[in-house]
>>> print(open('structure.cif').read())   # mmCIF, C-alpha atoms
data_entry
#
loop_
_atom_site.label_atom_id
_atom_site.label_comp_id
_atom_site.auth_asym_id
_atom_site.auth_seq_id
_atom_site.Cartn_x
_atom_site.Cartn_y
_atom_site.Cartn_z
CA MET Y 72 1.63 -120.77 -74.73
CA ILE Y 73 -1.24 -123.01 -75.82
CA THR Y 74 -1.65 -126.14 -73.68
CA LYS Y 75 -1.60 -129.72 -74.97
CA VAL Y 76 -5.30 -130.00 -74.16
CA GLN Y 77 -6.11 -126.86 -76.16
CA PHE Y 78 -3.96 -128.07 -79.05
CA GLN Y 79 -5.71 -131.46 -79.06
CA LYS Y 80 -9.09 -129.73 -79.17
CA GLU Y 81 -7.95 -127.66 -82.16
CA LEU Y 82 -6.97 -130.84 -84.02
CA GLU Y 83 -10.33 -132.42 -83.22
CA LEU Y 84 -12.09 -129.34 -84.56
CA ILE Y 85 -10.12 -129.55 -87.81
CA ILE Y 86 -11.19 -133.17 -88.24
CA LYS Y 87 -14.80 -132.49 -87.34
CA ASN Y 88 -15.05 -129.61 -89.78
CA GLY Y 89 -13.18 -131.53 -92.49
CA ILE Y 90 -15.63 -134.42 -92.26
CA ARG Y 91 -18.58 -132.01 -92.30
CA GLU Y 92 -17.20 -130.23 -95.33
CA ASP Y 93 -16.33 -133.32 -97.36
CA ILE Y 94 -18.92 -135.93 -96.39
CA GLY Y 95 -21.95 -133.86 -95.45
CA GLU Y 96 -25.10 -136.01 -95.63
CA GLY Y 97 -23.14 -138.94 -97.02
CA ASP Y 98 -20.61 -140.24 -99.55
CA HIS Y 99 -23.14 -141.07 -102.25
CA SER Y 100 -20.45 -142.32 -104.65
CA SER Y 101 -19.49 -145.12 -102.26
CA LEU Y 102 -23.01 -145.72 -101.00
CA ALA Y 103 -24.20 -146.19 -104.57
CA CYS Y 104 -21.81 -148.94 -105.62
CA ILE Y 105 -20.08 -150.50 -102.61
CA PRO Y 106 -21.94 -152.72 -100.12
CA LYS Y 107 -21.90 -151.60 -96.48
CA SER Y 108 -20.41 -154.95 -95.50
CA ALA Y 109 -17.53 -154.75 -98.01
CA LEU Y 110 -14.02 -154.82 -96.53
CA GLY Y 111 -10.94 -153.40 -98.19
CA LYS Y 112 -7.33 -152.41 -97.78
CA ALA Y 113 -5.40 -149.38 -99.04
CA LYS Y 114 -1.81 -148.13 -98.88
CA LEU Y 115 -0.48 -144.60 -98.50
CA LEU Y 116 1.88 -144.28 -101.46
CA VAL Y 117 4.58 -141.62 -101.73
CA LYS Y 118 5.04 -140.11 -105.21
CA ASP Y 119 7.54 -137.44 -104.20
CA SER Y 120 10.47 -136.96 -101.83
CA GLY Y 121 10.84 -135.11 -98.54
CA ILE Y 122 9.82 -135.39 -94.90
CA ILE Y 123 6.59 -137.27 -94.24
CA ALA Y 124 4.21 -135.65 -91.77
CA GLY Y 125 0.64 -136.26 -90.69
CA VAL Y 126 0.80 -140.01 -90.08
CA GLU Y 127 -0.47 -139.65 -86.51
CA PHE Y 128 -3.01 -137.08 -87.66
CA ALA Y 129 -4.23 -139.52 -90.31
CA LYS Y 130 -4.78 -142.11 -87.58
CA MET Y 131 -6.95 -139.58 -85.74
CA ILE Y 132 -9.00 -138.97 -88.90
CA PHE Y 133 -9.49 -142.67 -89.65
CA ASN Y 134 -10.48 -143.30 -86.03
CA LYS Y 135 -13.02 -140.47 -86.11
CA VAL Y 136 -14.58 -141.75 -89.34
CA ASP Y 137 -14.60 -145.37 -88.18
CA SER Y 138 -12.96 -146.60 -84.97
CA ASN Y 139 -12.84 -150.13 -86.40
CA LEU Y 140 -10.36 -149.20 -89.13
CA LYS Y 141 -6.89 -150.62 -88.54
CA ILE Y 142 -3.66 -148.84 -89.51
CA GLU Y 143 -0.31 -150.57 -89.89
CA THR Y 144 2.49 -147.98 -89.96
CA PHE Y 145 5.76 -148.60 -91.78
CA ILE Y 146 7.23 -145.08 -91.85
CA PRO Y 147 6.65 -142.67 -88.92
CA ASP Y 148 6.29 -138.90 -88.91
CA GLY Y 149 9.54 -137.02 -89.47
CA SER Y 150 11.12 -139.65 -91.70
CA LEU Y 151 12.73 -138.94 -95.05
CA VAL Y 152 10.70 -140.57 -97.83
CA LYS Y 153 11.15 -141.08 -101.55
CA TYR Y 154 9.05 -142.03 -104.57
CA GLY Y 155 7.52 -145.48 -104.18
CA ASP Y 156 7.63 -145.67 -100.37
CA VAL Y 157 4.57 -147.02 -98.59
CA VAL Y 158 3.90 -145.16 -95.35
CA PHE Y 159 1.04 -147.23 -93.97
CA HIS Y 160 -1.76 -149.67 -94.74
CA VAL Y 161 -5.34 -149.04 -93.63
CA SER Y 162 -7.89 -151.86 -93.58
CA GLY Y 163 -11.55 -152.27 -92.71
CA SER Y 164 -14.79 -151.00 -94.17
CA SER Y 165 -14.28 -149.96 -97.79
CA GLN Y 166 -16.88 -147.22 -97.41
CA SER Y 167 -15.08 -145.81 -94.36
CA ILE Y 168 -11.69 -145.80 -96.07
CA LEU Y 169 -13.15 -143.85 -98.98
CA LYS Y 170 -14.88 -141.39 -96.65
CA ALA Y 171 -11.60 -140.57 -94.94
CA GLU Y 172 -9.41 -140.65 -98.06
CA ARG Y 173 -9.51 -137.01 -99.17
CA LEU Y 174 -9.22 -135.47 -95.70
CA VAL Y 175 -6.24 -137.72 -94.95
CA LEU Y 176 -4.51 -136.91 -98.23
CA ASN Y 177 -5.17 -133.17 -98.11
CA SER Y 178 -3.84 -133.02 -94.56
CA MET Y 179 -0.77 -135.20 -95.09
CA GLN Y 180 0.22 -133.55 -98.38
CA ARG Y 181 0.15 -130.12 -96.78
CA MET Y 182 1.79 -131.19 -93.53
CA SER Y 183 4.55 -133.07 -95.36
CA ALA Y 184 5.33 -130.02 -97.50
CA ILE Y 185 5.63 -127.85 -94.39
CA ALA Y 186 7.78 -130.39 -92.55
CA THR Y 187 10.04 -130.70 -95.60
CA LYS Y 188 10.56 -126.95 -95.89
CA THR Y 189 11.10 -126.63 -92.15
CA LYS Y 190 13.72 -129.37 -92.17
CA LYS Y 191 15.55 -127.56 -94.98
CA TYR Y 192 15.67 -124.37 -92.88
CA VAL Y 193 16.74 -126.33 -89.79
CA ASP Y 194 19.59 -127.89 -91.76
CA LEU Y 195 20.67 -124.46 -92.99
CA LEU Y 196 20.96 -123.39 -89.34
CA ASP Y 197 22.93 -126.47 -88.31
CA GLY Y 198 25.91 -125.56 -86.15
CA THR Y 199 24.40 -122.27 -84.97
CA ALA Y 200 22.45 -121.56 -81.79
CA THR Y 201 19.54 -120.03 -83.72
CA LYS Y 202 16.14 -121.76 -83.82
CA ILE Y 203 13.57 -121.48 -86.61
CA LEU Y 204 10.03 -120.37 -85.70
CA ASP Y 205 6.75 -120.45 -87.58
CA THR Y 206 4.20 -117.60 -87.56
CA ARG Y 207 0.43 -117.09 -87.64
CA LYS Y 208 0.54 -116.97 -91.46
CA THR Y 209 -1.30 -120.26 -91.69
CA THR Y 210 -4.24 -121.70 -93.61
CA PRO Y 211 -7.49 -120.60 -91.87
CA GLY Y 212 -8.96 -123.50 -89.91
CA PHE Y 213 -5.88 -125.70 -90.30
CA ARG Y 214 -3.36 -123.94 -88.03
CA ALA Y 215 -2.89 -126.68 -85.43
CA ALA Y 216 -1.98 -129.26 -88.07
CA GLU Y 217 0.41 -126.87 -89.81
CA LYS Y 218 2.17 -125.96 -86.57
CA TRP Y 219 2.40 -129.67 -85.74
CA ALA Y 220 4.10 -130.17 -89.11
CA VAL Y 221 6.67 -127.48 -88.26
CA LYS Y 222 7.54 -129.41 -85.09
CA ILE Y 223 7.81 -132.64 -87.06
CA GLY Y 224 10.26 -130.89 -89.39
CA GLY Y 225 12.45 -129.87 -86.46
CA GLY Y 226 11.29 -126.27 -86.06
CA GLU Y 227 9.68 -124.56 -83.09
CA ASN Y 228 6.28 -122.95 -82.69
CA HIS Y 229 5.79 -119.24 -82.16
CA ARG Y 230 2.60 -118.20 -80.36
CA PHE Y 231 -0.42 -120.18 -81.50
CA ALA Y 232 -2.85 -117.28 -81.70
CA LEU Y 233 -3.62 -113.83 -80.35
CA TYR Y 234 -4.60 -115.18 -76.93
CA ASP Y 235 -1.50 -117.08 -75.76
CA MET Y 236 1.20 -114.40 -76.02
CA ILE Y 237 1.44 -110.62 -76.23
CA MET Y 238 3.10 -109.38 -79.41
CA LEU Y 239 3.28 -105.63 -79.86
CA LYS Y 240 3.92 -104.96 -83.53
CA ASP Y 241 4.37 -101.62 -85.28
CA ASN Y 242 0.63 -100.92 -85.60
CA HIS Y 243 0.01 -101.68 -81.92
CA ASN Y 244 2.80 -99.32 -80.92
CA ASP Y 245 1.63 -96.56 -83.25
CA PHE Y 246 -2.03 -96.86 -82.24
CA ALA Y 247 -1.06 -96.87 -78.56
CA GLY Y 248 0.92 -93.64 -78.88
CA GLY Y 249 4.41 -95.12 -79.01
CA ILE Y 250 6.41 -98.12 -77.86
CA SER Y 251 6.87 -97.06 -74.24
CA LEU Y 252 3.17 -96.35 -73.80
CA ALA Y 253 2.22 -99.62 -75.50
CA ILE Y 254 4.47 -101.62 -73.18
CA GLN Y 255 3.30 -99.84 -70.03
CA LYS Y 256 -0.36 -100.21 -70.97
CA THR Y 257 0.27 -103.90 -71.66
CA LYS Y 258 1.90 -104.47 -68.26
CA ASP Y 259 -1.02 -102.72 -66.55
CA TYR Y 260 -3.50 -104.79 -68.56
CA LEU Y 261 -1.83 -108.06 -67.58
CA ILE Y 262 -1.86 -107.11 -63.90
CA GLN Y 263 -5.46 -105.93 -63.97
CA ASN Y 264 -6.64 -109.11 -65.68
CA GLU Y 265 -4.34 -111.45 -63.73
CA LEU Y 266 -2.78 -112.79 -66.91
CA ASP Y 267 0.65 -114.40 -67.16
CA LEU Y 268 1.63 -113.84 -70.78
CA LYS Y 269 5.06 -113.25 -72.31
CA ILE Y 270 5.62 -109.96 -74.12
CA ILE Y 271 7.34 -109.65 -77.48
CA VAL Y 272 7.86 -106.19 -78.96
CA GLU Y 273 8.76 -105.34 -82.55
CA ALA Y 274 11.53 -102.85 -83.25
CA ARG Y 275 12.01 -101.09 -86.57
CA ASN Y 276 15.39 -99.53 -85.78
CA LEU Y 277 18.10 -99.33 -83.11
CA LYS Y 278 16.46 -96.38 -81.40
CA GLU Y 279 13.34 -98.46 -80.84
CA VAL Y 280 15.48 -101.34 -79.54
CA GLU Y 281 16.89 -99.04 -76.87
CA GLU Y 282 13.42 -97.71 -76.03
CA ILE Y 283 12.10 -101.25 -75.57
CA LEU Y 284 15.02 -102.16 -73.30
CA SER Y 285 14.46 -99.07 -71.17
CA SER Y 286 10.88 -100.22 -70.56
CA GLY Y 287 12.06 -103.55 -69.12
CA ASP Y 288 10.28 -106.87 -68.56
CA VAL Y 289 10.14 -107.81 -72.24
CA TYR Y 290 10.57 -111.48 -73.13
CA ARG Y 291 11.81 -111.01 -76.69
CA ILE Y 292 12.55 -108.21 -79.16
CA LEU Y 293 11.56 -108.78 -82.77
CA LEU Y 294 14.06 -107.18 -85.15
CA ASP Y 295 11.87 -106.59 -88.17
CA ASN Y 296 13.49 -106.13 -91.59
CA PHE Y 297 16.91 -105.29 -90.14
CA ASP Y 298 19.93 -105.75 -92.41
CA PHE Y 299 22.89 -107.86 -91.25
CA GLU Y 300 24.96 -105.02 -89.84
CA THR Y 301 22.06 -103.48 -87.92
CA THR Y 302 21.06 -106.90 -86.61
CA LYS Y 303 24.58 -107.43 -85.21
CA LYS Y 304 24.48 -104.03 -83.51
CA ALA Y 305 21.04 -104.76 -82.07
CA VAL Y 306 22.18 -108.10 -80.66
CA GLU Y 307 25.17 -106.38 -79.04
CA ILE Y 308 22.94 -103.70 -77.48
CA ILE Y 309 20.43 -106.24 -76.20
CA GLY Y 310 23.03 -108.66 -74.80
CA ASN Y 311 21.40 -111.00 -72.30
CA LYS Y 312 18.67 -108.56 -71.27
CA CYS Y 313 16.12 -110.51 -73.32
CA LEU Y 314 15.85 -112.88 -76.27
CA THR Y 315 16.10 -111.78 -79.90
CA GLU Y 316 14.16 -112.70 -83.04
CA SER Y 317 14.82 -111.75 -86.64
CA SER Y 318 12.04 -111.62 -89.20
CA GLY Y 319 11.19 -110.09 -92.55
CA ASN Y 320 12.37 -111.10 -96.03
CA ILE Y 321 14.62 -113.86 -94.68
CA ASN Y 322 15.03 -116.71 -97.15
CA GLU Y 323 17.18 -119.75 -97.84
CA THR Y 324 20.09 -117.64 -99.08
CA THR Y 325 20.13 -115.20 -96.14
CA ILE Y 326 18.98 -117.25 -93.15
CA ARG Y 327 22.42 -118.43 -92.09
CA GLN Y 328 23.84 -114.91 -92.28
CA TYR Y 329 21.13 -113.70 -89.91
CA ALA Y 330 21.90 -116.59 -87.57
CA ALA Y 331 25.56 -115.54 -87.64
CA CYS Y 332 24.47 -112.18 -86.21
CA GLY Y 333 23.70 -114.00 -82.97
CA VAL Y 334 19.89 -113.90 -82.84
CA ASN Y 335 18.14 -116.55 -80.77
CA TYR Y 336 15.29 -117.07 -83.22
CA ILE Y 337 14.40 -116.52 -86.84
CA SER Y 338 10.70 -116.54 -87.70
CA SER Y 339 9.49 -117.30 -91.20
CA GLY Y 340 5.97 -117.20 -92.57
CA ALA Y 341 7.24 -119.06 -95.63
CA LEU Y 342 7.26 -122.30 -93.63
CA THR Y 343 3.49 -122.40 -93.85
CA HIS Y 344 2.35 -119.96 -96.54
CA SER Y 345 4.73 -120.80 -99.38
CA VAL Y 346 4.93 -124.56 -99.85
CA TYR Y 347 4.01 -127.04 -102.58
CA ASN Y 348 2.08 -130.07 -101.37
CA MET Y 349 3.87 -133.39 -101.37
CA ASP Y 350 2.38 -135.82 -103.90
CA LEU Y 351 0.74 -138.70 -102.01
CA SER Y 352 -2.02 -141.11 -102.90
CA LEU Y 353 -4.15 -143.73 -101.17
CA LYS Y 354 -4.40 -146.83 -103.36
CA ALA Y 355 -6.58 -149.90 -102.84
CA PHE Y 356 -4.78 -153.23 -103.16
#
>>> encode(input="structure.cif", output="structure tokens")
Amino acid sequence: MITKVQFQKELELIIKNGIREDIGEGDHSSLACIPKSALGKAKLLVKDSGIIAGVEFAKMIFNKVDSNLKIETFIPDGSLVKYGDVVFHVSGSSQSILKAERLVLNSMQRMSAIATKTKKYVDLLDGTATKILDTRKTTPGFRAAEKWAVKIGGGENHRFALYDMIMLKDNHNDFAGGISLAIQKTKDYLIQNELDLKIIVEARNLKEVEEILSSGDVYRILLDNFDFETTKKAVEIIGNKCLTESSGNINETTIRQYAACGVNYISSGALTHSVYNMDLSLKAF
């Protein structure tokens, strides 16, 4: 899996690119009418309800724009918020606050939406042994922040990218000449390149589940688009030979039924690709 150092670098890249994209050669609106010496104060105001996320990320953004800005936090990441709540105050250079404003809001609105949806799924799984996972179906260039939001909401992260875990999906297996060949080639590749990566293999039916098990040394089997009955049978066949993951067309009305089948994980792209941003604003006062 991705290391903390790698993850931190990804976050720094998001901030660097966000500042480049939004500020460019300068915030001419602020430069035109606000003196460089002017000091101000603003509050992060909640105009919605859900789980707040991105507070610590906002601190990173403010610090990158201007290390002299001061943030006073009232509500931390992962907290339930409602309309009218004030999450933090930021004070210092008025120009700096305005430079950081949009990147902070865009990030926190998106992250809070993801954390809120994740928490809803986590609550639906309460009392079961099944954990909710995100996927790589993330906004290009913003993945680290979105996966951070999933963690804030109580979920768990799947692989970060193509480089930190092996995941043999249907196309890999078909292009490789079949599941058994794909797995064997992967094992050989890992040995030859001295790589220590976990292997997940997707199964489309029970026959493929049995073929994967016969190949051995697989970390997890992904049961893709299985119905409830077939999922139960697959879990029984797999036993404790490896971990199990359900995915494909699982929603709020079906997620608990899949968990009842006994799978270890349920992965959902909807955590990151189908959310509505939380309404937040940064207001001077």
>>> resolve_selection(input="structure.cif", expression="the PyMOL selection byres ((chain Y and resi 283) around 9)", output="PyMOL selection string")
chain Y and resi 250-251+254+272-274+278-282+284-287+289+292
>>> closest_atom_pairs(input="structure.cif", of="stretch 109-174 of chain Y", to="stretch 191-200 of chain Y", cutoff="12 Å", atoms="all atoms listed in the file", output="Markdown table")
| residue | atom | partner | partner_atom | distance |
| --- | --- | --- | --- | --- |
| Y:Gly121 | CA | Y:Lys191 | CA | 9.6 |
| Y:Ile122 | CA | Y:Lys191 | CA | 9.7 |
| Y:Leu151 | CA | Y:Lys191 | CA | 11.7 |
>>> write_last_selection(input="structure.cif", atoms="C-alpha atoms", output="tab-separated table (two decimals), keeping the file's coordinate frame")
chain	number	residue	atom	x	y	z
Y	121	GLY	CA	10.84	-135.11	-98.54
Y	122	ILE	CA	9.82	-135.39	-94.90
Y	151	LEU	CA	12.73	-138.94	-95.05
>>> atom_distance(input="structure.cif", atom1="atom CA of Y:Asn242", atom2="atom CA of Y:Glu307")
26.0 Å
>>> closest_atom_pairs(input="structure.cif", of="stretch 227-300 of chain Y", to="stretch 316-337 of chain Y", cutoff="6 Å", atoms="only C-alpha atoms", output="CSV")
residue,atom,partner,partner_atom,distance
Y:Leu293,CA,Y:Glu316,CA,4.7
Y:Leu294,CA,Y:Ser317,CA,4.9
Y:Asp295,CA,Y:Ser318,CA,5.1
Y:Asn296,CA,Y:Gly319,CA,4.7
>>> resolve_selection(input="structure.cif", expression="the PyMOL selection byres ((chain Y and resi 208) around 10)", output="PDB file with C-alpha atoms, in the coordinates of the input")
ATOM      1  CA  ASP Y 205       6.750-120.450 -87.580  1.00  0.00           C
ATOM      2  CA  THR Y 206       4.200-117.600 -87.560  1.00  0.00           C
ATOM      3  CA  ARG Y 207       0.430-117.090 -87.640  1.00  0.00           C
ATOM      4  CA  THR Y 209      -1.300-120.260 -91.690  1.00  0.00           C
ATOM      5  CA  THR Y 210      -4.240-121.700 -93.610  1.00  0.00           C
ATOM      6  CA  PRO Y 211      -7.490-120.600 -91.870  1.00  0.00           C
ATOM      7  CA  ARG Y 214      -3.360-123.940 -88.030  1.00  0.00           C
ATOM      8  CA  SER Y 339       9.490-117.300 -91.200  1.00  0.00           C
ATOM      9  CA  GLY Y 340       5.970-117.200 -92.570  1.00  0.00           C
ATOM     10  CA  ALA Y 341       7.240-119.060 -95.630  1.00  0.00           C
ATOM     11  CA  LEU Y 342       7.260-122.300 -93.630  1.00  0.00           C
ATOM     12  CA  THR Y 343       3.490-122.400 -93.850  1.00  0.00           C
ATOM     13  CA  HIS Y 344       2.350-119.960 -96.540  1.00  0.00           C
ATOM     14  CA  SER Y 345       4.730-120.800 -99.380  1.00  0.00           C
TER      15      SER Y 345
END
>>> closest_residue(input="structure.cif", among="Y:Asp298, Y:Asp98, Y:Asp288, Y:Glu227", to="Y:Lys312", atoms="all atoms listed in the file")
Y:Asp288
>>> residues_around(input="structure.cif", residues="Y:Phe356", least_positions_apart="3", cutoff="10 Å", atoms="all atoms listed in the file", output="tab-separated table (two decimals) with C-alpha atoms, in the coordinates of the input")
chain	number	residue	atom	x	y	z
Y	111	GLY	CA	-10.94	-153.40	-98.19
Y	112	LYS	CA	-7.33	-152.41	-97.78
Y	113	ALA	CA	-5.40	-149.38	-99.04
Y	114	LYS	CA	-1.81	-148.13	-98.88
Y	160	HIS	CA	-1.76	-149.67	-94.74
Y	353	LEU	CA	-4.15	-143.73	-101.17
>>> atom_distance(input="structure.cif", atom1="atom CA of Y:Lys107", atom2="atom CA of Y:Leu169")
12.0 Å
>>> closest_residue(input="structure.cif", among="Y:Glu172, Y:Glu96, Y:Glu81, Y:Asp148", to="Y:Phe133", atoms="all atoms listed in the file")
Y:Glu172
>>> atom_distance(input="structure.cif", atom1="atom CA of Y:Val117", atom2="atom CA of Y:Gly163")
21.3 Å
>>> decode(input="structure.cif", residues="stretch 306-328 of chain Y", atoms="N, CA, C and O atoms", output="PDB file, in the first residue's frame")
ATOM      1  N   VAL Y 306     -18.651 -17.272  -0.758  1.00  0.00           N
ATOM      2  CA  VAL Y 306     -18.045 -17.102   0.566  1.00  0.00           C
ATOM      3  C   VAL Y 306     -17.836 -18.466   1.228  1.00  0.00           C
ATOM      4  O   VAL Y 306     -16.808 -18.712   1.875  1.00  0.00           O
ATOM      5  N   GLU Y 307     -18.794 -19.353   1.064  1.00  0.00           N
ATOM      6  CA  GLU Y 307     -18.676 -20.706   1.624  1.00  0.00           C
ATOM      7  C   GLU Y 307     -17.512 -21.464   0.973  1.00  0.00           C
ATOM      8  O   GLU Y 307     -16.745 -22.148   1.645  1.00  0.00           O
ATOM      9  N   ILE Y 308     -17.396 -21.354  -0.337  1.00  0.00           N
ATOM     10  CA  ILE Y 308     -16.327 -22.037  -1.069  1.00  0.00           C
ATOM     11  C   ILE Y 308     -14.954 -21.498  -0.657  1.00  0.00           C
ATOM     12  O   ILE Y 308     -14.000 -22.249  -0.458  1.00  0.00           O
ATOM     13  N   ILE Y 309     -14.872 -20.192  -0.532  1.00  0.00           N
ATOM     14  CA  ILE Y 309     -13.591 -19.549  -0.213  1.00  0.00           C
ATOM     15  C   ILE Y 309     -13.175 -19.808   1.232  1.00  0.00           C
ATOM     16  O   ILE Y 309     -12.000 -20.038   1.518  1.00  0.00           O
ATOM     17  N   GLY Y 310     -14.125 -19.791   2.149  1.00  0.00           N
ATOM     18  CA  GLY Y 310     -13.820 -20.032   3.559  1.00  0.00           C
ATOM     19  C   GLY Y 310     -12.777 -19.059   4.070  1.00  0.00           C
ATOM     20  O   GLY Y 310     -12.883 -17.848   3.857  1.00  0.00           O
ATOM     21  N   ASN Y 311     -11.736 -19.607   4.710  1.00  0.00           N
ATOM     22  CA  ASN Y 311     -10.662 -18.750   5.220  1.00  0.00           C
ATOM     23  C   ASN Y 311      -9.398 -18.815   4.365  1.00  0.00           C
ATOM     24  O   ASN Y 311      -8.311 -18.479   4.813  1.00  0.00           O
ATOM     25  N   LYS Y 312      -9.569 -19.273   3.118  1.00  0.00           N
ATOM     26  CA  LYS Y 312      -8.411 -19.383   2.215  1.00  0.00           C
ATOM     27  C   LYS Y 312      -7.877 -18.010   1.802  1.00  0.00           C
ATOM     28  O   LYS Y 312      -6.691 -17.858   1.528  1.00  0.00           O
ATOM     29  N   CYS Y 313      -8.772 -17.035   1.706  1.00  0.00           N
ATOM     30  CA  CYS Y 313      -8.365 -15.663   1.423  1.00  0.00           C
ATOM     31  C   CYS Y 313      -9.527 -14.745   1.767  1.00  0.00           C
ATOM     32  O   CYS Y 313     -10.609 -15.203   2.144  1.00  0.00           O
ATOM     33  N   LEU Y 314      -9.310 -13.442   1.653  1.00  0.00           N
ATOM     34  CA  LEU Y 314     -10.362 -12.475   1.949  1.00  0.00           C
ATOM     35  C   LEU Y 314     -11.310 -12.336   0.760  1.00  0.00           C
ATOM     36  O   LEU Y 314     -10.981 -12.708  -0.363  1.00  0.00           O
ATOM     37  N   THR Y 315     -12.490 -11.777   1.037  1.00  0.00           N
ATOM     38  CA  THR Y 315     -13.504 -11.607  -0.010  1.00  0.00           C
ATOM     39  C   THR Y 315     -13.947 -10.150  -0.104  1.00  0.00           C
ATOM     40  O   THR Y 315     -13.969  -9.414   0.879  1.00  0.00           O
ATOM     41  N   GLU Y 316     -14.313  -9.755  -1.313  1.00  0.00           N
ATOM     42  CA  GLU Y 316     -14.774  -8.388  -1.580  1.00  0.00           C
ATOM     43  C   GLU Y 316     -15.920  -8.434  -2.580  1.00  0.00           C
ATOM     44  O   GLU Y 316     -15.806  -9.078  -3.624  1.00  0.00           O
ATOM     45  N   SER Y 317     -17.005  -7.773  -2.252  1.00  0.00           N
ATOM     46  CA  SER Y 317     -18.130  -7.655  -3.183  1.00  0.00           C
ATOM     47  C   SER Y 317     -18.113  -6.283  -3.825  1.00  0.00           C
ATOM     48  O   SER Y 317     -17.803  -5.277  -3.175  1.00  0.00           O
ATOM     49  N   SER Y 318     -18.481  -6.235  -5.103  1.00  0.00           N
ATOM     50  CA  SER Y 318     -18.526  -4.958  -5.808  1.00  0.00           C
ATOM     51  C   SER Y 318     -19.483  -5.066  -6.983  1.00  0.00           C
ATOM     52  O   SER Y 318     -19.771  -6.159  -7.459  1.00  0.00           O
ATOM     53  N   GLY Y 319     -19.959  -3.938  -7.436  1.00  0.00           N
ATOM     54  CA  GLY Y 319     -20.817  -3.901  -8.617  1.00  0.00           C
ATOM     55  C   GLY Y 319     -22.279  -3.702  -8.305  1.00  0.00           C
ATOM     56  O   GLY Y 319     -22.929  -4.597  -7.775  1.00  0.00           O
ATOM     57  N   ASN Y 320     -22.795  -2.515  -8.609  1.00  0.00           N
ATOM     58  CA  ASN Y 320     -24.215  -2.189  -8.439  1.00  0.00           C
ATOM     59  C   ASN Y 320     -24.722  -2.384  -7.011  1.00  0.00           C
ATOM     60  O   ASN Y 320     -25.873  -2.761  -6.789  1.00  0.00           O
ATOM     61  N   ILE Y 321     -23.850  -2.146  -6.037  1.00  0.00           N
ATOM     62  CA  ILE Y 321     -24.250  -2.215  -4.629  1.00  0.00           C
ATOM     63  C   ILE Y 321     -24.591  -0.804  -4.171  1.00  0.00           C
ATOM     64  O   ILE Y 321     -23.802   0.126  -4.326  1.00  0.00           O
ATOM     65  N   ASN Y 322     -25.779  -0.640  -3.623  1.00  0.00           N
ATOM     66  CA  ASN Y 322     -26.233   0.679  -3.192  1.00  0.00           C
ATOM     67  C   ASN Y 322     -26.747   0.654  -1.757  1.00  0.00           C
ATOM     68  O   ASN Y 322     -26.612  -0.361  -1.056  1.00  0.00           O
ATOM     69  N   GLU Y 323     -27.347   1.756  -1.346  1.00  0.00           N
ATOM     70  CA  GLU Y 323     -27.812   1.879   0.036  1.00  0.00           C
ATOM     71  C   GLU Y 323     -28.871   0.850   0.406  1.00  0.00           C
ATOM     72  O   GLU Y 323     -28.998   0.469   1.569  1.00  0.00           O
ATOM     73  N   THR Y 324     -29.636   0.385  -0.565  1.00  0.00           N
ATOM     74  CA  THR Y 324     -30.708  -0.567  -0.257  1.00  0.00           C
ATOM     75  C   THR Y 324     -30.224  -2.019  -0.252  1.00  0.00           C
ATOM     76  O   THR Y 324     -30.881  -2.889   0.322  1.00  0.00           O
ATOM     77  N   THR Y 325     -29.075  -2.276  -0.878  1.00  0.00           N
ATOM     78  CA  THR Y 325     -28.592  -3.660  -0.970  1.00  0.00           C
ATOM     79  C   THR Y 325     -27.331  -3.937  -0.159  1.00  0.00           C
ATOM     80  O   THR Y 325     -26.964  -5.097   0.041  1.00  0.00           O
ATOM     81  N   ILE Y 326     -26.660  -2.904   0.312  1.00  0.00           N
ATOM     82  CA  ILE Y 326     -25.341  -3.079   0.931  1.00  0.00           C
ATOM     83  C   ILE Y 326     -25.373  -3.994   2.155  1.00  0.00           C
ATOM     84  O   ILE Y 326     -24.496  -4.839   2.335  1.00  0.00           O
ATOM     85  N   ARG Y 327     -26.397  -3.866   2.973  1.00  0.00           N
ATOM     86  CA  ARG Y 327     -26.449  -4.705   4.176  1.00  0.00           C
ATOM     87  C   ARG Y 327     -26.724  -6.169   3.826  1.00  0.00           C
ATOM     88  O   ARG Y 327     -26.228  -7.077   4.507  1.00  0.00           O
ATOM     89  N   GLN Y 328     -27.481  -6.406   2.785  1.00  0.00           N
ATOM     90  CA  GLN Y 328     -27.746  -7.780   2.359  1.00  0.00           C
ATOM     91  C   GLN Y 328     -26.473  -8.453   1.861  1.00  0.00           C
ATOM     92  O   GLN Y 328     -26.260  -9.646   2.109  1.00  0.00           O
TER      93      GLN Y 328
END
